[in-house]
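Coordinates from upload-v5.cif are shown below (mmCIF, C-alpha atoms).
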data_model
#
loop_
_atom_site.label_atom_id
_atom_site.label_comp_id
_atom_site.auth_asym_id
_atom_site.auth_seq_id
_atom_site.Cartn_x
_atom_site.Cartn_y
_atom_site.Cartn_z
CA MET A 1 -4.55 -12.23 -23.99
CA GLY A 2 -6.58 -9.01 -23.99
CA LEU A 3 -5.73 -5.39 -23.20
CA SER A 4 -4.25 -6.21 -19.79
CA HIS A 5 -1.30 -7.95 -21.49
CA ARG A 6 -0.63 -5.32 -24.13
CA GLY A 7 3.01 -4.24 -23.99
CA TRP A 8 3.82 -7.01 -21.48
CA HIS A 9 7.09 -8.91 -21.86
CA PRO A 10 8.03 -12.00 -19.83
CA THR A 11 11.08 -11.83 -17.58
CA ASN A 12 14.16 -13.93 -18.18
CA GLU A 13 13.09 -16.30 -15.38
CA THR A 14 9.66 -16.73 -16.97
CA ARG A 15 11.27 -17.38 -20.35
CA ARG A 16 13.49 -20.04 -18.77
CA LYS A 17 10.49 -21.79 -17.22
CA MET A 18 8.59 -21.66 -20.55
CA SER A 19 11.61 -23.16 -22.32
CA LEU A 20 11.83 -26.02 -19.81
CA ALA A 21 8.09 -26.72 -20.18
CA GLN A 22 8.47 -27.07 -23.98
CA LYS A 23 11.42 -29.47 -23.83
CA GLY A 24 10.73 -32.93 -25.25
CA ARG A 25 7.88 -31.73 -27.47
CA ILE A 26 7.84 -32.11 -31.24
CA ARG A 27 6.95 -29.03 -33.24
CA LYS A 28 5.59 -29.60 -36.75
CA ARG A 29 4.04 -26.98 -39.05
CA GLY A 30 3.30 -24.59 -36.25
CA TYR A 31 1.58 -27.24 -34.15
CA THR A 32 3.12 -28.36 -30.88
CA ARG A 33 2.31 -31.78 -29.50
CA PRO A 34 3.95 -33.95 -26.87
CA ALA A 35 6.47 -36.57 -27.89
CA PHE A 36 4.47 -39.76 -27.27
CA SER A 37 6.33 -42.85 -26.10
CA GLU A 38 5.88 -46.20 -27.83
CA GLU A 39 3.75 -47.48 -24.95
CA TRP A 40 1.57 -44.35 -25.14
CA ARG A 41 1.09 -44.82 -28.88
CA ARG A 42 0.17 -48.49 -28.40
CA ASN A 43 -2.41 -47.68 -25.72
CA LEU A 44 -3.84 -44.89 -27.91
CA SER A 45 -4.19 -47.31 -30.83
CA LEU A 46 -5.92 -49.95 -28.68
CA ALA A 47 -8.31 -47.36 -27.25
CA HIS A 48 -9.54 -46.39 -30.75
CA LYS A 49 -9.55 -49.89 -32.23
CA GLY A 50 -12.98 -50.92 -33.49
CA PHE A 51 -14.48 -47.50 -32.77
CA HIS A 52 -16.97 -46.20 -35.34
CA PRO A 53 -18.92 -42.95 -34.87
CA SER A 54 -22.70 -43.28 -34.86
CA SER A 55 -24.90 -41.99 -37.68
CA GLU A 56 -25.93 -39.03 -35.53
CA THR A 57 -22.30 -38.16 -34.84
CA ARG A 58 -21.47 -38.41 -38.54
CA ARG A 59 -24.40 -36.13 -39.37
CA LYS A 60 -23.20 -33.53 -36.84
CA MET A 61 -19.64 -33.72 -38.17
CA SER A 62 -20.90 -33.23 -41.71
CA ALA A 63 -23.10 -30.27 -40.70
CA SER A 64 -20.22 -28.58 -38.91
CA ARG A 65 -18.13 -28.70 -42.11
CA THR A 66 -20.86 -27.61 -44.53
CA GLY A 67 -19.87 -24.41 -46.29
CA ARG A 68 -16.55 -24.34 -44.53
CA LYS A 69 -13.52 -23.43 -46.62
CA ILE A 70 -10.12 -24.50 -45.40
CA LYS A 71 -7.35 -22.19 -46.51
CA ARG A 72 -3.97 -23.84 -46.69
CA THR A 73 -1.07 -21.79 -45.38
CA THR A 74 1.50 -24.36 -46.47
CA PRO A 75 1.73 -26.51 -49.63
CA PRO A 76 0.90 -30.24 -49.41
CA TRP A 77 3.74 -32.24 -47.92
CA ASN A 78 4.10 -34.44 -51.02
CA LYS A 79 3.79 -31.72 -53.68
CA GLY A 80 6.49 -32.12 -56.32
CA ARG A 81 8.03 -35.08 -54.52
CA LYS A 82 8.69 -38.43 -56.15
CA GLY A 83 9.38 -41.71 -54.48
CA VAL A 84 7.49 -40.72 -51.32
CA TYR A 85 6.83 -44.33 -50.40
CA SER A 86 9.69 -46.81 -50.18
CA GLU A 87 9.68 -50.08 -52.08
CA THR A 88 8.98 -51.89 -48.81
CA SER A 89 5.89 -49.75 -48.15
CA LEU A 90 4.58 -50.22 -51.69
CA GLU A 91 5.04 -53.98 -51.41
CA ARG A 92 3.21 -53.96 -48.05
CA PHE A 93 0.30 -52.03 -49.64
CA ARG A 94 0.17 -54.55 -52.50
CA GLN A 95 0.19 -57.55 -50.16
CA SER A 96 -2.60 -56.06 -48.02
CA HIS A 97 -4.93 -55.90 -51.07
CA LEU A 98 -3.83 -59.17 -52.65
CA GLY A 99 -6.61 -61.71 -53.10
CA LYS A 100 -9.35 -59.36 -51.88
CA LYS A 101 -12.44 -59.52 -54.07
CA GLN A 102 -15.73 -57.74 -53.86
CA SER A 103 -18.66 -59.95 -52.97
CA ARG A 104 -21.45 -60.46 -55.49
CA GLU A 105 -23.77 -58.53 -53.17
CA THR A 106 -21.45 -55.51 -53.23
CA ILE A 107 -21.16 -55.66 -57.02
CA GLU A 108 -24.95 -55.84 -57.44
CA LYS A 109 -25.35 -52.81 -55.17
CA ARG A 110 -22.98 -50.80 -57.36
CA LEU A 111 -24.57 -51.73 -60.70
CA PRO A 112 -27.50 -49.24 -60.54
CA HIS A 113 -25.04 -46.43 -59.83
CA LEU A 114 -22.90 -47.27 -62.88
CA ILE A 115 -25.67 -47.61 -65.48
CA GLY A 116 -26.70 -44.23 -66.87
CA ARG A 117 -24.08 -42.41 -64.84
CA THR A 118 -22.76 -39.14 -66.24
CA PHE A 119 -19.03 -38.92 -65.77
CA ARG A 120 -17.41 -35.60 -64.99
CA TRP A 121 -15.05 -35.72 -67.95
CA LYS A 122 -18.02 -36.33 -70.27
CA ASP A 123 -19.85 -33.16 -69.19
CA THR A 124 -18.34 -31.15 -72.03
CA ALA A 125 -21.36 -30.26 -74.16
CA LYS A 126 -19.82 -26.93 -75.15
CA ILE A 127 -16.95 -28.60 -77.01
CA ARG A 128 -18.74 -31.65 -78.39
CA GLY A 129 -20.27 -32.24 -81.80
CA ALA A 130 -20.38 -29.23 -84.11
CA ASN A 131 -18.85 -27.07 -81.35
CA ASN A 132 -15.58 -29.00 -81.46
CA HIS A 133 -12.68 -27.72 -83.57
CA SER A 134 -12.22 -31.23 -85.04
CA TRP A 135 -15.84 -31.52 -86.23
CA LYS A 136 -16.07 -32.96 -89.76
CA GLY A 137 -19.79 -32.87 -90.32
CA GLY A 138 -20.79 -36.04 -88.45
CA VAL A 139 -18.86 -38.71 -90.36
CA THR A 140 -18.59 -41.13 -87.40
CA ALA A 141 -20.93 -44.13 -87.64
CA ILE A 142 -23.77 -44.25 -85.09
CA ASN A 143 -22.57 -47.65 -83.78
CA SER A 144 -19.11 -46.25 -83.06
CA LEU A 145 -20.63 -43.32 -81.20
CA ILE A 146 -22.71 -45.67 -79.04
CA ARG A 147 -19.84 -48.05 -78.31
CA ASN A 148 -17.61 -45.16 -77.24
CA SER A 149 -20.24 -43.49 -75.08
CA ALA A 150 -20.02 -43.29 -71.28
CA GLU A 151 -23.21 -45.36 -70.94
CA TYR A 152 -21.78 -48.22 -73.03
CA LYS A 153 -18.53 -48.22 -71.03
CA ALA A 154 -20.51 -48.32 -67.78
CA TRP A 155 -22.54 -51.29 -69.11
CA ARG A 156 -19.34 -53.11 -70.11
CA LYS A 157 -17.77 -52.52 -66.71
CA ALA A 158 -20.92 -53.68 -64.93
CA VAL A 159 -20.93 -56.95 -66.93
CA PHE A 160 -17.25 -57.56 -66.14
CA GLN A 161 -17.76 -56.91 -62.42
CA ARG A 162 -20.76 -59.22 -62.25
CA ASP A 163 -18.79 -62.05 -63.91
CA ARG A 164 -15.66 -61.26 -61.84
CA TYR A 165 -13.63 -60.41 -64.95
CA ALA A 166 -13.55 -64.02 -66.17
CA CYS A 167 -14.97 -65.87 -69.17
CA VAL A 168 -18.34 -67.39 -68.27
CA PHE A 169 -17.46 -70.57 -70.21
CA GLY A 170 -13.91 -71.20 -69.03
CA GLY A 171 -13.25 -68.85 -66.13
CA LYS A 172 -9.77 -67.53 -65.42
CA ALA A 173 -8.25 -70.50 -67.27
CA HIS A 174 -9.24 -68.86 -70.57
CA GLY A 175 -6.86 -65.98 -69.94
CA PRO A 176 -7.13 -62.27 -69.12
CA HIS A 177 -8.22 -61.08 -72.60
CA ILE A 178 -11.98 -60.67 -72.14
CA GLN A 179 -14.79 -58.98 -74.05
CA ALA A 180 -18.37 -58.03 -73.22
CA ASP A 181 -20.76 -59.92 -75.48
CA HIS A 182 -24.43 -59.12 -76.14
CA ILE A 183 -26.48 -62.31 -75.84
CA LYS A 184 -29.10 -60.81 -78.14
CA ARG A 185 -27.46 -58.94 -80.98
CA PHE A 186 -26.46 -55.31 -80.51
CA ALA A 187 -27.87 -54.34 -83.92
CA ASP A 188 -31.14 -56.29 -83.71
CA TYR A 189 -32.20 -55.35 -80.17
CA PRO A 190 -31.37 -51.67 -79.54
CA GLU A 191 -33.60 -51.61 -76.45
CA LEU A 192 -31.36 -54.25 -74.79
CA ARG A 193 -28.00 -52.64 -75.53
CA PHE A 194 -27.47 -51.35 -72.00
CA VAL A 195 -29.30 -54.09 -70.08
CA VAL A 196 -26.75 -55.89 -67.90
CA SER A 197 -28.64 -59.20 -68.02
CA ASN A 198 -28.23 -59.19 -71.82
CA GLY A 199 -24.45 -59.17 -71.45
CA ARG A 200 -21.87 -61.80 -70.60
CA THR A 201 -18.09 -61.89 -70.29
CA LEU A 202 -16.26 -64.03 -72.83
CA CYS A 203 -12.64 -64.57 -73.75
CA PHE A 204 -11.66 -63.68 -77.32
CA ASP A 205 -11.75 -67.29 -78.60
CA CYS A 206 -15.15 -68.07 -77.04
CA HIS A 207 -16.55 -64.80 -78.36
CA LYS A 208 -15.56 -65.67 -81.94
CA LYS A 209 -17.42 -69.01 -81.67
CA THR A 210 -20.78 -67.40 -80.79
CA PRO A 211 -23.38 -67.23 -83.58
CA THR A 212 -23.83 -63.48 -83.03
CA TYR A 213 -20.13 -62.56 -83.40
CA GLY A 214 -19.46 -60.12 -86.25
CA ALA A 215 -21.18 -61.18 -89.47
CA HIS A 216 -21.69 -64.85 -88.49
CA LYS A 217 -25.44 -64.36 -88.63
CA TYR A 218 -25.35 -63.31 -92.27
CA ARG A 219 -22.94 -66.06 -93.41
CA LYS A 220 -25.43 -68.88 -92.82
#
Using structure tokens, write down the structure that the file contains.
Amino acid sequence: MGLSHRGWHPTNETRRKMSLAQKGRIRKRGYTRPAFSEEWRRNLSLAHKGFHPSSETRRKMSASRTGRKIKRTTPPWNKGRKGVYSETSLERFRQSHLGKKQSRETIEKRLPHLIGRTFRWKDTAKIRGANNHSWKGGVTAINSLIRNSAEYKAWRKAVFQRDRYACVFGGKAHGPHIQADHIKRFADYPELRFVVSNGRTLCFDCHKKTPTYGAHKYRK
């Protein structure tokens, strides 16, 4: 507005015209936008359908937001609210994802990112080991430590995803209770513990029948 408008007040006639110009608009959180008709919304949706910004455009958008901090003046719309989505909406979300499975190519692309990944909630070196208040002098067995590590969990998940969460011998017919089995024994081949190709998905019954399950090897 500048200095030329300092102290200026619109007349009653101007106020009336401004009021008429704003009629039919929807005001939400301090932002005024026109009230779009159904036909307008449909045309807007069709105009943007199938549109994807180019790599150059994405790079520019990313650069424009680098280092930018957005300060919220209002709390999130769903903060402290329960039951935001109706049962109908939740059912529609469920149906839209039903039967969708990742392709083997997609799973294989994700495997390198899972193996050896450091998870955020595991980056707690300051409160692990002897620094933890529950430390008892290292009484946990080394095998238990390995099997509960982030790397072992990532290996297990990678094996399940590769085999589509089904027993390799009987598929989905063997039930949902599956386990990740080491083809070459966990104890005998420490260098192969986190190699995905050395793992396979088995149901509980099939796993018990393998010669490497538990102490089967030593009962012969």
Residue neighbourhood region 161-164 of chain A, 7 Å, all atoms listed in the file, exclusion window fewer than 6 positions, as a ChimeraX atom specification: /A:104,107,201
Nearest to Arg185 (chain A), restricted to all atoms listed in the file and choosing among A:Asn131, A:Lys126, A:Thr212, A:Gly199, comes out as A:Thr212
Explicit residues for the PyMOL selection byres ((chain A and resi 143) around 12) (as a list in words): Val139, Thr140, Ala141, Ile142, Ser144, Leu145, Ile146, Arg147, Asn148, Ser149, Tyr152, Phe186, Ala187, Pro190 and Arg193 of chain A
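Using only C-alpha atoms for every distance, the candidate list A:Tyr189, A:Phe204, A:Phe51, A:Phe194 yields A:Phe194 as the residue closest to Lys157 (chain A).
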Let me know the residues the PyMOL selection byres ((chain A and resi 205-211) around 12) catches in the file above, as an NGL selection string. :A and (166-171 or 174-185 or 199-204 or 212-220)
How big is the axis-aligned box around the listed atoms of region 49-59 of chain A once 5 Å is added on each side, and where is its centre? Give both in Å to one decimal, as AutoDock Vina command-line options.
--center_x -17.7 --center_y -43.5 --center_z -35.8 --size_x 26.4 --size_y 24.8 --size_z 17.1
